[in-house]
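With compact mmCIF, C-alpha atoms inside, this is coords_16.txt:
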# COMPACT_ATOMS: atom_id res chain seq x y z
CA MET A 14 92.81 127.31 95.75
CA LEU A 15 92.77 123.87 97.33
CA GLU A 16 90.52 121.26 95.75
CA GLY A 17 86.95 121.53 97.00
CA ARG A 18 87.33 125.11 98.21
CA ILE A 19 85.12 127.93 96.88
CA TYR A 20 85.50 131.69 96.66
CA ASN A 21 83.65 132.80 99.78
CA PHE A 22 82.57 136.44 99.49
CA SER A 23 80.95 136.43 102.94
CA ALA A 24 81.02 139.65 104.95
CA GLY A 25 81.87 137.59 108.03
CA PRO A 26 82.69 135.04 109.20
CA SER A 27 84.88 135.21 106.15
CA MET A 28 87.70 133.47 104.34
CA LEU A 29 90.94 132.80 106.16
CA PRO A 30 94.24 132.20 104.35
CA GLU A 31 94.60 128.58 103.30
CA GLU A 32 98.13 128.54 104.70
CA VAL A 33 96.73 129.48 108.10
CA LEU A 34 93.97 126.88 107.99
CA LEU A 35 96.45 124.16 107.03
CA ARG A 36 98.76 125.15 109.88
CA ALA A 37 95.86 125.12 112.35
CA GLN A 38 94.86 121.70 111.03
CA LYS A 39 98.41 120.39 111.46
CA GLU A 40 98.63 121.70 115.03
CA LEU A 41 95.06 120.86 116.05
CA LEU A 42 95.90 117.69 118.01
CA ASN A 43 99.30 118.76 119.28
CA CYS A 44 99.82 122.50 119.65
CA GLU A 45 103.45 123.56 120.05
CA GLY A 46 104.54 120.19 121.39
CA SER A 47 102.05 120.24 124.29
CA GLY A 48 100.41 116.95 123.31
CA MET A 49 97.00 118.61 123.25
CA SER A 50 94.90 120.97 121.17
CA VAL A 51 94.69 124.65 121.99
CA LEU A 52 90.96 123.91 122.23
CA GLU A 53 91.69 121.75 125.29
CA MET A 54 94.43 123.81 126.84
CA SER A 55 94.35 125.69 130.15
CA HIS A 56 94.65 129.42 129.65
CA ARG A 57 96.97 129.36 132.70
CA SER A 58 99.41 126.97 131.03
CA LYS A 59 102.89 127.99 129.98
CA VAL A 60 102.10 127.06 126.37
CA PHE A 61 99.07 129.33 126.15
CA ASP A 62 100.92 132.09 128.00
CA ASN A 63 103.49 131.96 125.21
CA ILE A 64 100.70 132.02 122.60
CA ILE A 65 98.92 135.11 123.93
CA ASN A 66 102.19 136.98 124.47
CA ALA A 67 103.33 136.13 120.93
CA THR A 68 99.94 137.24 119.56
CA GLU A 69 100.22 140.59 121.29
CA ALA A 70 103.78 141.04 120.04
CA ASN A 71 102.63 140.22 116.49
CA VAL A 72 99.74 142.72 116.62
CA ARG A 73 102.10 145.37 117.94
CA LYS A 74 104.58 144.69 115.13
CA VAL A 75 102.06 144.34 112.30
CA MET A 76 100.21 147.54 113.20
CA ASN A 77 103.22 149.44 114.56
CA VAL A 78 101.40 150.01 117.86
CA PRO A 79 103.11 152.64 120.07
CA ASP A 80 104.36 151.65 123.52
CA ASN A 81 101.73 153.76 125.31
CA TYR A 82 98.88 151.61 123.96
CA ARG A 83 97.63 148.38 125.50
CA ILE A 84 96.42 145.44 123.43
CA LEU A 85 93.47 143.46 124.78
CA PHE A 86 91.71 140.29 123.64
CA LEU A 87 88.15 140.44 124.95
CA PRO A 88 84.97 138.36 124.64
CA GLY A 89 81.81 139.65 123.00
CA GLY A 90 83.13 140.76 119.64
CA ALA A 91 82.62 144.32 118.40
CA SER A 92 79.00 144.37 119.57
CA GLY A 93 80.18 143.88 123.13
CA MET A 94 82.53 146.82 122.72
CA PHE A 95 79.63 149.11 121.80
CA CYS A 96 78.70 148.96 125.49
CA ALA A 97 82.17 148.47 126.93
CA LEU A 98 83.72 151.54 125.32
CA ALA A 99 80.99 153.81 126.73
CA MET A 100 81.43 152.28 130.20
CA ASN A 101 85.21 152.63 130.08
CA LEU A 102 85.75 155.91 128.22
CA GLY A 103 82.53 157.82 128.90
CA ASN A 104 82.83 158.42 132.64
CA HIS A 105 84.38 161.90 132.65
CA SER A 106 81.95 164.36 131.06
CA GLY A 107 79.50 161.55 130.33
CA ALA A 108 79.23 162.87 126.77
CA ALA A 109 80.22 161.32 123.45
CA ASP A 110 79.76 162.05 119.75
CA TYR A 111 78.91 159.46 117.09
CA ILE A 112 79.20 159.65 113.32
CA ILE A 113 76.42 157.42 112.02
CA SER A 114 77.56 156.23 108.61
CA GLY A 115 75.88 152.83 108.55
CA ASN A 116 74.13 150.13 110.53
CA PHE A 117 76.78 149.27 113.10
CA SER A 118 77.67 152.87 113.96
CA GLY A 119 73.95 153.38 114.56
CA VAL A 120 73.81 150.37 116.85
CA ALA A 121 76.90 151.61 118.70
CA TYR A 122 75.17 154.95 119.25
CA LYS A 123 72.01 153.29 120.59
CA GLU A 124 74.06 151.12 122.95
CA GLY A 125 76.14 154.08 124.11
CA LYS A 126 73.01 156.10 124.91
CA LYS A 127 72.13 153.53 127.58
CA TYR A 128 75.19 154.47 129.63
CA LEU A 129 76.09 158.03 128.66
CA LYS A 130 74.50 161.19 129.99
CA ASP A 131 74.82 162.95 126.63
CA ALA A 132 75.25 160.90 123.45
CA ARG A 133 75.01 163.02 120.31
CA VAL A 134 74.93 162.41 116.56
CA ALA A 135 77.81 164.44 115.13
CA ALA A 136 76.72 163.66 111.56
CA THR A 137 74.85 161.02 109.60
CA SER A 138 74.53 159.87 106.00
CA GLU A 139 71.16 158.23 106.56
CA ASP A 140 69.56 160.75 104.18
CA GLU A 141 71.05 158.81 101.22
CA ASN A 142 70.86 155.31 102.74
CA PHE A 143 74.45 155.55 103.97
CA SER A 144 75.91 155.68 100.47
CA TYR A 145 78.57 158.19 101.53
CA ILE A 146 80.77 159.21 104.47
CA PRO A 147 80.00 162.55 106.17
CA LYS A 148 82.83 165.01 105.60
CA GLN A 149 84.70 167.02 108.21
CA GLU A 150 82.73 170.20 107.48
CA GLN A 151 79.48 168.35 108.22
CA LEU A 152 80.55 167.31 111.72
CA VAL A 153 78.93 169.08 114.68
CA LEU A 154 81.29 168.19 117.50
CA ASN A 155 81.08 168.61 121.26
CA PRO A 156 84.48 169.88 122.50
CA ASP A 157 83.73 168.42 125.94
CA ALA A 158 82.96 164.91 124.66
CA ASP A 159 84.88 161.99 126.12
CA TYR A 160 85.28 160.54 122.63
CA LEU A 161 84.11 160.60 119.01
CA HIS A 162 83.06 157.19 117.70
CA VAL A 163 83.34 156.20 114.04
CA CYS A 164 82.87 152.96 112.14
CA TRP A 165 85.90 153.11 109.88
CA ASN A 166 84.60 150.71 107.23
CA ASN A 167 80.91 150.00 106.75
CA THR A 168 80.49 146.31 105.98
CA ILE A 169 76.84 146.50 104.96
CA PHE A 170 76.91 149.66 102.83
CA GLY A 171 80.40 149.42 101.34
CA THR A 172 81.78 152.80 102.42
CA THR A 173 84.95 153.73 104.28
CA PHE A 174 86.67 156.74 105.83
CA HIS A 175 89.44 158.21 103.72
CA TYR A 176 90.17 161.03 106.15
CA MET A 177 90.94 161.34 109.85
CA PRO A 178 88.29 163.40 111.69
CA GLU A 179 89.76 166.48 113.38
CA THR A 180 88.47 166.66 116.96
CA GLY A 181 90.93 168.79 118.90
CA ASN A 182 91.70 166.96 122.14
CA VAL A 183 88.76 164.57 121.94
CA PRO A 184 89.95 160.97 121.38
CA VAL A 185 88.70 159.20 118.26
CA VAL A 186 87.42 155.66 118.82
CA ALA A 187 87.21 153.55 115.66
CA ASP A 188 85.41 150.29 115.00
CA MET A 189 87.69 148.72 112.38
CA SER A 190 86.06 145.30 112.32
CA SER A 191 85.89 144.98 108.54
CA SER A 192 89.14 146.70 107.64
CA ILE A 193 91.53 145.75 110.45
CA MET A 194 95.01 144.92 109.12
CA SER A 195 94.01 145.47 105.49
CA GLU A 196 96.36 148.45 105.19
CA PRO A 197 98.64 150.52 107.46
CA VAL A 198 96.93 152.75 110.04
CA ASP A 199 98.54 155.41 112.24
CA VAL A 200 97.42 154.04 115.60
CA SER A 201 98.72 157.12 117.42
CA LYS A 202 95.92 159.23 115.92
CA PHE A 203 93.28 157.17 117.75
CA GLY A 204 92.36 156.90 121.39
CA MET A 205 91.07 153.41 120.79
CA ILE A 206 90.71 150.96 117.91
CA TYR A 207 88.60 147.84 118.23
CA ALA A 208 87.55 145.08 115.89
CA GLY A 209 85.52 141.93 115.80
CA VAL A 210 88.04 139.47 114.39
CA GLN A 211 85.77 137.48 112.06
CA LYS A 212 86.50 139.52 108.93
CA ASN A 213 90.28 139.42 108.59
CA LEU A 214 91.78 137.71 111.62
CA ALA A 215 90.02 134.70 113.18
CA PRO A 216 86.71 132.96 113.90
CA ALA A 217 83.93 135.03 115.48
CA GLY A 218 83.69 135.63 119.22
CA LEU A 219 86.69 137.82 120.02
CA ALA A 220 87.28 141.57 120.06
CA LEU A 221 90.76 142.95 119.47
CA VAL A 222 91.13 146.22 121.41
CA ILE A 223 94.01 148.70 121.10
CA VAL A 224 93.59 151.46 123.67
CA ARG A 225 95.77 154.35 124.84
CA GLU A 226 96.97 153.90 128.41
CA ASP A 227 95.77 157.27 129.69
CA LEU A 228 92.19 156.25 128.86
CA LEU A 229 92.30 153.28 131.22
CA GLY A 230 91.14 153.02 134.82
CA SER A 231 88.15 155.39 134.97
CA GLU A 232 85.36 153.01 134.02
CA MET A 233 81.80 153.26 135.37
CA GLU A 234 81.02 151.23 138.49
CA ILE A 235 78.48 149.16 136.56
CA THR A 236 81.11 147.91 134.10
CA PRO A 237 81.29 144.09 134.10
CA LYS A 238 84.67 142.87 135.29
CA ILE A 239 85.45 141.13 132.00
CA TRP A 240 85.02 144.45 130.17
CA LYS A 241 87.06 146.64 132.52
CA PHE A 242 89.85 147.63 130.19
CA GLY A 243 92.25 148.63 132.95
CA MET A 244 91.80 145.38 134.86
CA GLN A 245 92.11 143.31 131.69
CA ALA A 246 95.32 145.17 130.82
CA GLU A 247 96.71 144.29 134.26
CA LYS A 248 95.68 140.63 133.88
CA ASN A 249 96.96 140.16 130.31
CA SER A 250 93.37 139.76 129.03
CA MET A 251 92.86 136.77 131.31
CA ILE A 252 90.58 137.78 134.16
CA ASN A 253 88.63 134.69 133.18
CA THR A 254 89.13 132.09 130.44
CA PRO A 255 89.44 134.09 127.22
CA PRO A 256 88.49 132.85 123.73
CA CYS A 257 91.74 130.88 123.53
CA PHE A 258 91.33 129.35 120.07
CA ASN A 259 90.45 132.72 118.55
CA ILE A 260 93.55 134.31 120.08
CA TYR A 261 95.65 131.44 118.72
CA MET A 262 94.15 132.01 115.26
CA VAL A 263 95.01 135.72 115.43
CA LYS A 264 98.57 134.61 116.11
CA LEU A 265 98.61 132.38 113.05
CA VAL A 266 97.09 135.08 110.83
CA THR A 267 99.53 137.74 112.04
CA ASP A 268 102.41 135.29 111.54
CA TYR A 269 101.14 134.96 107.97
CA LEU A 270 100.86 138.73 107.49
CA LEU A 271 104.43 139.24 108.65
CA GLU A 272 105.61 136.50 106.28
CA GLN A 273 103.75 138.21 103.40
CA GLY A 274 105.47 141.55 103.95
CA GLY A 275 103.17 143.24 106.44
CA LEU A 276 100.41 145.75 105.86
CA GLU A 277 102.08 147.65 103.03
CA ALA A 278 102.04 144.43 101.03
CA MET A 279 98.43 143.72 102.02
CA LYS A 280 97.39 147.22 101.00
CA ALA A 281 98.93 146.76 97.55
CA ARG A 282 97.14 143.43 97.10
CA ASN A 283 93.81 144.77 98.35
CA GLU A 284 93.99 147.88 96.18
CA GLU A 285 94.69 145.70 93.14
CA LYS A 286 91.71 143.44 93.87
CA ALA A 287 89.33 146.33 94.51
CA LYS A 288 90.49 148.11 91.35
CA ILE A 289 89.66 145.08 89.21
CA LEU A 290 86.09 145.05 90.47
CA TYR A 291 85.47 148.79 90.57
CA ASP A 292 87.06 149.32 87.15
CA TYR A 293 84.60 146.83 85.70
CA LEU A 294 81.65 148.43 87.48
CA ASP A 295 82.66 151.84 86.12
CA SER A 296 83.18 150.54 82.58
CA GLN A 297 79.57 149.46 81.91
CA ASP A 298 76.02 150.27 82.95
CA PHE A 299 74.42 146.86 83.57
CA PHE A 300 75.71 146.58 87.13
CA LYS A 301 75.72 149.72 89.27
CA SER A 302 77.77 150.62 92.33
CA THR A 303 75.68 151.78 95.29
CA VAL A 304 78.37 154.05 96.77
CA ARG A 305 79.82 157.45 95.93
CA PRO A 306 83.20 156.80 94.24
CA GLU A 307 85.16 158.90 96.73
CA ASP A 308 83.89 156.86 99.70
CA ARG A 309 84.16 153.33 98.33
CA SER A 310 85.37 150.53 100.55
CA MET A 311 88.35 148.39 99.57
CA MET A 312 86.88 145.49 101.56
CA ASN A 313 83.14 145.40 100.81
CA VAL A 314 81.93 146.12 97.27
CA CYS A 315 78.16 146.64 96.90
CA PHE A 316 76.44 146.62 93.52
CA ARG A 317 73.12 145.80 91.87
CA THR A 318 71.48 145.59 88.46
CA GLY A 319 68.50 147.76 89.40
CA ASP A 320 66.14 144.86 88.76
CA GLU A 321 65.40 142.67 91.79
CA ALA A 322 64.53 139.67 89.63
CA LEU A 323 67.88 139.89 87.85
CA ASP A 324 69.70 140.32 91.15
CA LYS A 325 68.06 137.14 92.45
CA GLU A 326 68.98 135.28 89.28
CA PHE A 327 72.59 136.43 89.53
CA ILE A 328 72.79 135.29 93.15
CA ALA A 329 71.13 131.97 92.30
CA GLY A 330 73.86 131.28 89.74
CA GLN A 331 76.78 131.88 92.08
CA ALA A 332 77.23 128.28 93.30
CA ALA A 333 77.61 126.95 89.77
CA HIS A 334 80.54 129.34 89.33
CA GLY A 335 82.26 128.36 92.59
CA PHE A 336 81.12 131.35 94.67
CA SER A 337 79.11 131.84 97.85
CA ASN A 338 77.62 134.66 99.91
CA LEU A 339 77.20 137.28 97.18
CA LYS A 340 73.74 138.31 98.37
CA GLY A 341 73.67 141.90 99.61
CA HIS A 342 72.43 142.82 103.06
CA ARG A 343 68.66 143.36 103.28
CA LEU A 344 69.24 147.07 104.08
CA VAL A 345 70.90 147.58 100.69
CA GLY A 346 69.73 144.71 98.51
CA GLY A 347 71.52 143.63 95.36
CA MET A 348 74.93 142.03 95.73
CA ARG A 349 77.96 142.46 97.95
CA ALA A 350 81.42 141.02 97.41
CA SER A 351 83.54 141.10 100.55
CA ILE A 352 87.14 140.84 99.40
CA TYR A 353 89.12 140.71 102.63
CA ASN A 354 92.82 139.88 102.92
CA ALA A 355 92.34 136.15 102.31
CA MET A 356 90.39 136.56 99.06
CA PRO A 357 92.87 135.90 96.24
CA LYS A 358 92.98 138.10 93.16
CA GLU A 359 91.86 135.08 91.12
CA GLY A 360 88.57 135.08 93.03
CA VAL A 361 87.85 138.68 92.05
CA GLU A 362 88.84 138.02 88.45
CA ALA A 363 86.49 135.01 88.39
CA LEU A 364 83.66 137.13 89.80
CA VAL A 365 84.15 139.79 87.11
CA ALA A 366 84.14 137.07 84.45
CA TYR A 367 80.80 135.82 85.80
CA MET A 368 79.44 139.37 85.84
CA LYS A 369 80.44 139.87 82.20
CA GLU A 370 78.87 136.55 81.25
CA PHE A 371 75.64 137.39 83.07
CA ALA A 372 75.43 140.88 81.57
CA ALA A 373 75.97 139.54 78.08
CA ALA A 374 73.19 136.98 78.56
CA HIS A 375 70.70 139.62 79.75

Encoded form (structure tokens):
Amino acid sequence: MLEGRIYNFSAGPSMLPEEVLLRAQKELLNCEGSGMSVLEMSHRSKVFDNIINATEANVRKVMNVPDNYRILFLPGGASGMFCALAMNLGNHSGAADYIISGNFSGVAYKEGKKYLKDARVAATSEDENFSYIPKQEQLVLNPDADYLHVCWNNTIFGTTFHYMPETGNVPVVADMSSSIMSEPVDVSKFGMIYAGVQKNLAPAGLALVIVREDLLGSEMEITPKIWKFGMQAEKNSMINTPPCFNIYMVKLVTDYLLEQGGLEAMKARNEEKAKILYDYLDSQDFFKSTVRPEDRSMMNVCFRTGDEALDKEFIAGQAAHGFSNLKGHRLVGGMRASIYNAMPKEGVEALVAYMKEFAAAH
């Protein structure tokens, strides 16, 4: 860690690799020999055209995206896509299924209902405060749905899908905001993947969308032009001025991922970090995990002591140990450590050391 830096366990905006931040700093005043910052640059310039094309090529390489998928960089983040996906993909039968496994999948369902004729809940884990992922046998699916929506990793509740829902011919749409590029994913099994980039890829404000070509071009008439997937695909995500700096940062992060060995290497690192924390949680009874073991997230680890006063004391002591943002979401309480790609193993080891110290003192 560079001097003055802390271990930032924020759920997002989150840590970015120091190598990436240093490169962005170096290029801030003169990006790729242009004599200007990417923050000042015309999105119609040759330099930025090279940047966005290189970013798309990187995403395609890092995630092994098949040729029949288009990659889009759209404004509005994942929350904007809650509406946009219904407008773009829900105009055939007008029906869609949603697995509600946490807060954001619930919000996506509520947003989709505004535009769909028939939005249904295929399954929910609300009965146990979203501490588990509904299994395949619990799903009640509509065979005529235009898509099934899932939130692949639940940032707030610390759960994740470890299986691919079987839907027949119905495309699966996955919000991967808090797990994107943390491990390999078979893109061909999804009709669409989207992600707000502020967890693993870039500053907030951009949505990365990977969508199968046959799902393009049948959007609802009311769809705003900037969220028409087919039109954005034709215009290289530049119908209007896109979030240029965010796209540039995705390029730098994906450059970094390729240099580090790609997603297989990131998976190995992330599994090692998560194992350190979960092994400690399972080895004692002072701190308690809030999630069923089989559904635990590799990115967001939720835990508590069971005593709100002790939780507050633990959180109050984080700054003195070089940490920030360990407070859990209000819907769960307790603590949450978000250990995305950029969190080094040393940060997790330091957190466990603090947890052991705190437990011993109480």

Next on the checklist: So that I can see what lies close to Ser92 in chain A, please list as JSON, numbers by chain the residues with an atom at most 10 Å from it, counting only C-alpha atoms and leaving out residues fewer than 2 positions away in the same chain.
Outcome noted: {"A": [88, 89, 90, 94, 95, 96, 97, 117, 120, 121, 124, 188, 208, 209, 218, 220]}

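The residue that comes closest to Ala246 in chain A, out of A:Asp80, A:Asp308, A:Glu226, A:Asp295 and on the basis of only C-alpha atoms, is A:Glu226.
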
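Each of A:Val314, A:Leu42, A:Val210, A:Leu85 was compared to Arg225 in chain A using only C-alpha atoms, and A:Leu85 turns out to be the nearest.
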
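Put simply, CA of Leu41 in chain A is 13.0 Å away from CA of Asn259 in chain A.
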
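Take the candidates A:Met205, A:Val134, A:Ile64, A:Val75 and check each one against Leu102 in chain A using only C-alpha atoms; the shortest distance goes to A:Met205.
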
Checklist entry - Within 9 Å of range 166-176 of chain A, counting all atoms listed in the file, which residues qualify if same-chain residues fewer than 3 places away don't, as a PyMOL selection string? => result chain A and resi 24+114-118+142-149+163+188-192+303-305+307-315+341-345+349+351

Checklist entry - Interatomic distance between CA of Ala355 in chain A and CA of Asn338 in chain A? => result 15.0 Å

To test the calculation: enclose all listed atoms of range 20-37 of chain A in a box whose edges run along x, y and z, add 5 Å on each side, then state centre and edge lengths in Å to one decimal, as JSON.
{"center_x": 89.9, "center_y": 131.9, "center_z": 104.5, "size_x": 27.8, "size_y": 25.5, "size_z": 25.7}

Checklist entry - Leaving out Ile206 in chain A and any residue of its chain fewer than 6 positions from it, which residues lie within 10 Å of it when counting all atoms listed in the file, given as a ChimeraX atom specification? => result /A:84,162-165,185-190,193,200,221-225

Could you list, with a cut-off of 12 Å and counting all atoms listed in the file, the residues of range 50-125 of chain A near range 262-275 of chain A, each shown with its nearest atom pair and the distance in Å rounded to one decimal, rows sorted by chain and ascending number, as JSON lines?
{"residue": "A:Val51", "atom": "CA", "partner": "A:Met262", "partner_atom": "CA", "distance": 10.0}
{"residue": "A:Leu52", "atom": "CA", "partner": "A:Met262", "partner_atom": "CA", "distance": 11.2}
{"residue": "A:Phe61", "atom": "CA", "partner": "A:Lys264", "partner_atom": "CA", "distance": 11.4}
{"residue": "A:Asn63", "atom": "CA", "partner": "A:Lys264", "partner_atom": "CA", "distance": 10.7}
{"residue": "A:Ile64", "atom": "CA", "partner": "A:Lys264", "partner_atom": "CA", "distance": 7.3}
{"residue": "A:Ile65", "atom": "CA", "partner": "A:Lys264", "partner_atom": "CA", "distance": 7.8}
{"residue": "A:Asn66", "atom": "CA", "partner": "A:Lys264", "partner_atom": "CA", "distance": 9.4}
{"residue": "A:Ala67", "atom": "CA", "partner": "A:Lys264", "partner_atom": "CA", "distance": 6.9}
{"residue": "A:Thr68", "atom": "CA", "partner": "A:Lys264", "partner_atom": "CA", "distance": 4.5}
{"residue": "A:Glu69", "atom": "CA", "partner": "A:Lys264", "partner_atom": "CA", "distance": 8.1}
{"residue": "A:Ala70", "atom": "CA", "partner": "A:Lys264", "partner_atom": "CA", "distance": 9.2}
{"residue": "A:Asn71", "atom": "CA", "partner": "A:Thr267", "partner_atom": "CA", "distance": 6.0}
{"residue": "A:Val72", "atom": "CA", "partner": "A:Thr267", "partner_atom": "CA", "distance": 6.8}
{"residue": "A:Arg73", "atom": "CA", "partner": "A:Thr267", "partner_atom": "CA", "distance": 10.0}
{"residue": "A:Lys74", "atom": "CA", "partner": "A:Leu271", "partner_atom": "CA", "distance": 8.5}
{"residue": "A:Val75", "atom": "CA", "partner": "A:Gly275", "partner_atom": "CA", "distance": 6.1}
{"residue": "A:Met76", "atom": "CA", "partner": "A:Gly275", "partner_atom": "CA", "distance": 8.5}
{"residue": "A:Asn77", "atom": "CA", "partner": "A:Gly275", "partner_atom": "CA", "distance": 10.2}
{"residue": "A:Phe86", "atom": "CA", "partner": "A:Val263", "partner_atom": "CA", "distance": 10.0}

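Pairwise distance (CA of Leu34 in chain A, CA of Ala329 in chain A) equals 28.2 Å.
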
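Across A:Leu35, A:Ala217, A:Met194, A:Cys257, the tightest approach to His56 in chain A is made by A:Cys257 when counting all atoms listed in the file.
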
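When all atoms listed in the file are used to measure the gap to Leu154 in chain A, the shortest distance among A:Thr254, A:Asn21, A:Thr318, A:Asn182 belongs to A:Asn182.
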
Next on the checklist: Can you pull out the residues contacting Phe300 in chain A? Cut-off 12 Å, using only C-alpha atoms, and skip same-chain residues under 5 positions away; I want them as an NGL selection string.
Outcome noted: :A and (290-295 or 314-321 or 323-324 or 327 or 347-349 or 365 or 367-369 or 371-373 or 375)

Item to check | Long-range neighbours of Ile112 in chain A as a ChimeraX atom specification, 6 Å cut-off, all atoms listed in the file, 4 positions minimum in chain | outcome: /A:135-137,163

Checklist entry - Counting only C-alpha atoms, which of A:Ser50, A:Ser106, A:Ser138, A:Gln151 gets nearest to Glu179 in chain A? => result A:Gln151
